[in-house]
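Below is one structure, written out as structure tokens; comments come after it.
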Amino acid sequence: MAKYYDVWYEDFTEDIEFYRTLAERAGSPVMELMCGTGRIMIPLADAGFEVTGVDLSSAMLDRLSAKVELIGGRVERNIEIVEGDVRSFRLDKRYRLAIVPFNSFLHLTNRKDQIDALENVSGHLEKDGVMALSVFNPRFDRPENLLRHRGTKVTSKGEIISKFEAQTFDMSHMTTTVHFFYDISRQDKEFRRVTTTMTLKLMTHHEMLELLDHCGFAVQATYGDYSFSPFRKSSELMAFVARKL
């Protein structure tokens, strides 16, 4: 999925100002967990913040490293890249702000992994440090196995890529599995399809509050969008801002 991640998400910028505002309030240094290819890290570094990105995917980090090297300047100076597991990585540095954006936390599909991750993040925060974590507000009325077309894009290499997805639910474990299909064509090559699957945990507002409290975080606010609007039951996302106790 790393090869096509930026194709689909490089234009998604609506959460960047949200995290930049939190960074302005908290100050450097900032740590992004499950940072991927740096969609948020790079703008934060460009704004002058020291940012450490941690991710388990070497493929994602390779793309991040290439982008940072290409940009150079203060972006390259302000970014540190660490390949590691959010549940167990260890750094000597302590941070004013930790962010876990864009549903990344939901890749942790059992409570032990969630607790291990949050306690590890807490251990890397300064006293009274802040963590911001955003996940989607689950809906249970979506039809299963319905193939949805999510859009078509043309890459700089002339590839025409159409993205489709289908979703299934396992309510006994409160998870959803999403199947992605990328149909790729260009005039000088044969058509091909790339498929990948991910399983995400379904977390309710109450469950997230209880989990954060259990792991030593005091939730200061829950927002329902990236404009700092209060969370409501009908909100599409839950953005938690919590302080380490």
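Chain labels follow the order of the structure tokens: the first chain is A, the next B, and so on; residue numbering restarts at 1 in every chain, and ligands are counted from 1 in their shown order.
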
Open item on the list: Need the shell around A:Tyr95: protein/DNA/RNA residues with any atom at most 8 Å away, counting only C-alpha atoms. Skip same-chain ones fewer than 4 positions apart. Format as a ChimeraX atom specification?
Closed with: /A:28-31,124-126,129

Task: Selection near A:Asp6, 10 Å with only C-alpha atoms, sequence-local residues under 6 positions removed, as a PyMOL selection string - done: chain A and resi 12+36-39+60+63

Keeping only N, CA and C atoms, write those residues as a PDB file, in the first residue's frame.
```
ATOM      1  N   PHE A  12      -5.021  15.363   0.979  1.00  0.00           N
ATOM      2  CA  PHE A  12      -5.814  15.501   2.202  1.00  0.00           C
ATOM      3  C   PHE A  12      -5.034  16.364   3.191  1.00  0.00           C
ATOM      4  N   GLY A  36       3.812   7.193   8.797  1.00  0.00           N
ATOM      5  CA  GLY A  36       3.671   6.929   7.368  1.00  0.00           C
ATOM      6  C   GLY A  36       4.693   7.671   6.532  1.00  0.00           C
ATOM      7  N   THR A  37       4.226   8.303   5.468  1.00  0.00           N
ATOM      8  CA  THR A  37       5.125   8.977   4.530  1.00  0.00           C
ATOM      9  C   THR A  37       5.301  10.463   4.842  1.00  0.00           C
ATOM     10  N   GLY A  38       4.830  10.899   6.015  1.00  0.00           N
ATOM     11  CA  GLY A  38       5.135  12.258   6.463  1.00  0.00           C
ATOM     12  C   GLY A  38       4.156  13.329   6.035  1.00  0.00           C
ATOM     13  N   ARG A  39       2.933  12.946   5.719  1.00  0.00           N
ATOM     14  CA  ARG A  39       1.947  13.926   5.258  1.00  0.00           C
ATOM     15  C   ARG A  39       1.760  15.061   6.259  1.00  0.00           C
ATOM     16  N   MET A  60       7.021   2.650   4.034  1.00  0.00           N
ATOM     17  CA  MET A  60       6.517   4.006   4.255  1.00  0.00           C
ATOM     18  C   MET A  60       7.671   4.953   4.600  1.00  0.00           C
ATOM     19  N   ARG A  63       9.848   6.118   1.711  1.00  0.00           N
ATOM     20  CA  ARG A  63       9.229   7.207   0.946  1.00  0.00           C
ATOM     21  C   ARG A  63       9.328   8.527   1.694  1.00  0.00           C
TER      22      ARG A  63
END
```

All residues 9 Å or closer to A:Gly158, only C-alpha atoms, same chain fewer than 6 positions away omitted, as a compact mmCIF listing (two decimals) with C-alpha atoms, in the first residue's frame:
```
# COMPACT_ATOMS: atom_id res chain seq x y z
CA SER A 185 -3.52 1.12 -16.43
CA ARG A 186 -1.37 3.11 -18.85
CA GLN A 187 -1.07 3.08 -22.62
```

Task: 10 Å contact set for A:Ala218, only C-alpha atoms, chain neighbours under 4 positions out, as a PyMOL selection string - done: chain A and resi 128+130-131+209+212-214+241-245

Suppose we keep N, CA and C atoms; can you now write the selection as a short mmCIF file (atom, residue, chain, number, x, y, z; two decimals), in the first residue's frame?
```
data_model
loop_
_atom_site.label_atom_id
_atom_site.label_comp_id
_atom_site.auth_asym_id
_atom_site.auth_seq_id
_atom_site.Cartn_x
_atom_site.Cartn_y
_atom_site.Cartn_z
N ASP A 128 3.29 16.63 32.08
CA ASP A 128 2.19 17.47 31.56
C ASP A 128 2.21 17.55 30.03
N VAL A 130 1.28 16.55 26.13
CA VAL A 130 -0.04 16.39 25.53
C VAL A 130 0.01 15.35 24.41
N MET A 131 -1.07 14.57 24.32
CA MET A 131 -1.22 13.64 23.20
C MET A 131 -2.51 13.97 22.47
N LEU A 209 -12.54 7.08 25.86
CA LEU A 209 -12.36 7.84 27.11
C LEU A 209 -11.88 6.92 28.23
N LEU A 212 -8.13 5.87 27.59
CA LEU A 212 -7.18 6.95 27.86
C LEU A 212 -7.03 7.18 29.36
N ASP A 213 -8.14 7.12 30.08
CA ASP A 213 -8.09 7.28 31.54
C ASP A 213 -7.29 6.14 32.16
N HIS A 214 -7.51 4.93 31.71
CA HIS A 214 -6.80 3.76 32.23
C HIS A 214 -5.29 3.90 32.04
N VAL A 241 -7.81 15.27 22.70
CA VAL A 241 -6.63 15.96 23.16
C VAL A 241 -6.54 15.70 24.66
N ALA A 242 -5.46 15.02 25.07
CA ALA A 242 -5.35 14.55 26.45
C ALA A 242 -3.98 14.92 27.02
N ARG A 243 -3.98 15.22 28.31
CA ARG A 243 -2.74 15.57 28.99
C ARG A 243 -2.26 14.40 29.85
N LYS A 244 -0.96 14.18 29.82
CA LYS A 244 -0.37 13.13 30.65
C LYS A 244 -0.47 13.52 32.12
N LEU A 245 -0.96 12.60 32.94
CA LEU A 245 -1.08 12.84 34.37
C LEU A 245 0.24 12.58 35.09
#
```

TODO: Rank A:Phe228, A:Phe89, A:Tyr4, A:Phe49 by their smallest atom-to-atom distance to A:Phe180, using only C-alpha atoms, and report the top residue only.
DONE: A:Tyr4

Open item on the list: List as a list in words the protein and nucleic acid residues near A:Glu210, meaning an atom at most 12 Å away when only C-alpha atoms are counted, but skip any in the same chain fewer than 5 places from it.
Closed with: Arg111, Gln114, Ile115, Met203, Thr204, His205, Cys215, Gly216, Phe217, Ala218 and Val219 of chain A

Task: All residues 9 Å or closer to A:Arg77, only C-alpha atoms, same chain fewer than 5 positions away omitted, as a PyMOL selection string - done: chain A and resi 45+50+72

Task: Distance query A:Met174 at most 9 Å, only C-alpha atoms, self and fewer than 4 positions along chain excluded, as an MDAnalysis selection string - done: chainID A and resid 109 169:170 200:203

Open item on the list: What does the structure give for the distance between atom CA of A:Ala59 and atom CA of A:Tyr226, in Å to one decimal?
Closed with: 28.2 Å

Task: Residue with smallest distance to A:Tyr182 - pool A:Ser162, A:Thr152, A:Ser234, A:Gln167, counting only C-alpha atoms - done: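 The shortest atom-to-atom distance to A:Tyr182 comes from A:Ser162.
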
Open item on the list: One decimal, in Å: what's the spacing between atom CA of A:Thr155 and atom CA of A:Glu69?
Closed with: 21.1 Å
